[in-house]
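Structure, as structure tokens:
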Amino acid sequence: MSDQNEMVNKGDRNKIYFLIVVILALLGTNAYLYLKDRHQSQRFVTVNTEKDRLKLEVEKIEAELDKVNALNVTLTDKLQEEQKLARAKIAELKLALQNGKLTQGDLNTAQKEVKELREFVKNYSDEIIRLEKENAYLRTQRDSLKEFAYSATQKAEDLERKNTELKAKVKTGAALKAGNVSIVAYKVKNSGKNIEVTKASSAKKLSISFNIAPNPLALKDYHKIYLRVFDPAGNLIANGENLFEADGEQMQYTSSTSISYNDDNTVYKMDWINPNPFIKGTYSVILYADGFTMGKAAIDLR
């Protein structure tokens, strides 16, 4: 009976041991599965976090590229091609990072490409900034040259204007001026003899005498003298085809002659025969030389 009880107790103990082993195995399996699941969750979170970080990094790189291009620098063919490649790589990375299933290998590749892209954009940015500084320097030089050219042009125009004014002053100063202008009316006899008269009815011609005021600027040479005669009514007696310029205007003249000026106080005479009968009143004459008024005089005929 005792042996039988011992066999029963031994069998129970074996069952207990087996159950303990099974329970421990289950506990081990559950612990393994828990740790494995926890590791997978952590790995999934890490992958997603890195993917989001890379997305943000790509967006920052693209924004930096846009910022650099906003400088509006004229790009060389090489820089244009490099920018085109960078844009293509950014689009490729964006598309890859939108993929919901990325392996660690995919992430590693993306990390490497983002790093290379970041380095490229930095170098690209440095080159653009260098070009912008170079262009700014060239613009400054251009503006400086334009200002210098404008200043030189202004000075040249000022000099030209002053030179023109000086020439005008010299021309004005060099013009002959008549002094002691006087007029005598004459009757011309058949013999050709001139007899001084004061009556309009007997007068046939006017004789204007004058000398030239001393002028060191005046050219010692022949000078054309123009005469304008006005009747008592103020009408110019002139041929419509006789034109000259004086005092900035084109005028008609009554008669003209040439004199030789030597600055020697010579007395000059200029005769004018009236083609029409003289009338009572005051006849006035104006002399012109070298484009300016030379002198004036008048005579009263009874």
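In the structure tokens, chains take letters A, B, ... by order of appearance, with residues numbered from 1 within each chain and ligands from 1 in the order shown.
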
For A:Gly248, please output as a list in words all residues within 9 Å (counting only C-alpha atoms; exclusion window: fewer than 3 positions along the same chain). Glu245, Gly291 and Phe292 of chain A

Write a file of the just-selected residues containing N, CA, C and O atoms, as an mmCIF file, in the first residue's frame.
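To be explicit, this is the file written out as result.cif:
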```
data_model
loop_
_atom_site.group_PDB
_atom_site.id
_atom_site.type_symbol
_atom_site.label_atom_id
_atom_site.label_comp_id
_atom_site.auth_asym_id
_atom_site.auth_seq_id
_atom_site.Cartn_x
_atom_site.Cartn_y
_atom_site.Cartn_z
ATOM 1 N N GLU A 245 21.502 139.303 -93.196
ATOM 2 C CA GLU A 245 21.189 138.951 -91.807
ATOM 3 C C GLU A 245 21.924 139.884 -90.864
ATOM 4 O O GLU A 245 23.121 140.143 -91.030
ATOM 5 N N GLY A 291 26.979 141.780 -89.259
ATOM 6 C CA GLY A 291 25.803 141.171 -88.645
ATOM 7 C C GLY A 291 25.207 141.964 -87.507
ATOM 8 O O GLY A 291 24.314 141.454 -86.808
ATOM 9 N N PHE A 292 25.661 143.186 -87.295
ATOM 10 C CA PHE A 292 25.144 144.007 -86.203
ATOM 11 C C PHE A 292 24.875 145.426 -86.686
ATOM 12 O O PHE A 292 25.389 145.864 -87.720
#
```

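With atom CA of A:Phe148 on one side and atom CA of A:Lys133 on the other, the separation reads 22.1 Å.
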
Compile a residue-level contact table for stretch 162-224 of chain A against stretch 254-275 of chain A at a cut-off of 7 Å, reporting for every qualifying residue the shortest atom pair and its distance in Å to one decimal, with only C-alpha atoms counted, rows ordered by chain and ascending number, as a Markdown table.
```
| residue | atom | partner | partner_atom | distance |
| --- | --- | --- | --- | --- |
| A:Lys204 | CA | A:Ile273 | CA | 6.1 |
| A:Lys205 | CA | A:Ile273 | CA | 4.2 |
| A:Leu206 | CA | A:Trp272 | CA | 5.3 |
| A:Ser207 | CA | A:Asp271 | CA | 4.4 |
| A:Ile208 | CA | A:Met270 | CA | 5.1 |
| A:Ser209 | CA | A:Lys269 | CA | 4.3 |
| A:Phe210 | CA | A:Tyr268 | CA | 5.4 |
| A:Asn211 | CA | A:Val267 | CA | 4.5 |
| A:Ile212 | CA | A:Asn265 | CA | 6.4 |
| A:Pro214 | CA | A:Asp263 | CA | 5.9 |
| A:Lys220 | CA | A:Asn262 | CA | 5.1 |
| A:Asp221 | CA | A:Tyr261 | CA | 5.5 |
| A:Tyr222 | CA | A:Ser260 | CA | 4.3 |
| A:His223 | CA | A:Ile259 | CA | 5.4 |
| A:Lys224 | CA | A:Ser258 | CA | 4.4 |
```

Restricted to C-alpha atoms, what would the selected residues look like written as a short mmCIF file (atom, residue, chain, number, x, y, z; two decimals), in the first residue's frame?
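Wrote it out as selection_0.cif, contents follow:
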```
data_model
loop_
_atom_site.label_atom_id
_atom_site.label_comp_id
_atom_site.auth_asym_id
_atom_site.auth_seq_id
_atom_site.Cartn_x
_atom_site.Cartn_y
_atom_site.Cartn_z
CA LYS A 204 18.18 163.56 -105.75
CA LYS A 205 20.53 161.59 -103.52
CA LEU A 206 21.73 161.19 -99.92
CA SER A 207 25.40 160.99 -98.99
CA ILE A 208 26.11 159.27 -95.68
CA SER A 209 29.56 159.84 -94.14
CA PHE A 210 31.00 158.11 -91.10
CA ASN A 211 34.21 156.91 -89.53
CA ILE A 212 34.89 153.70 -87.64
CA PRO A 214 38.77 152.23 -82.86
CA LYS A 220 41.59 144.62 -90.61
CA ASP A 221 40.12 143.60 -93.93
CA TYR A 222 37.22 144.33 -96.24
CA HIS A 223 33.84 144.61 -94.53
CA LYS A 224 30.42 144.64 -96.19
#
```

If you run DSSP on the backbone here, which positions in stretch 116-208 of chain A get helix (DSSP H, G or I)? Please write them as a ChimeraX atom specification. /A:116-174

Write out as a PyMOL selection string the set of residues from stretch 93-269 of chain A that DSSP, computed on the backbone, places in strand (DSSP E). chain A and resi 178-188+194-197+205-212+222-230+236-237+243-246+249-252+255-260+267-269
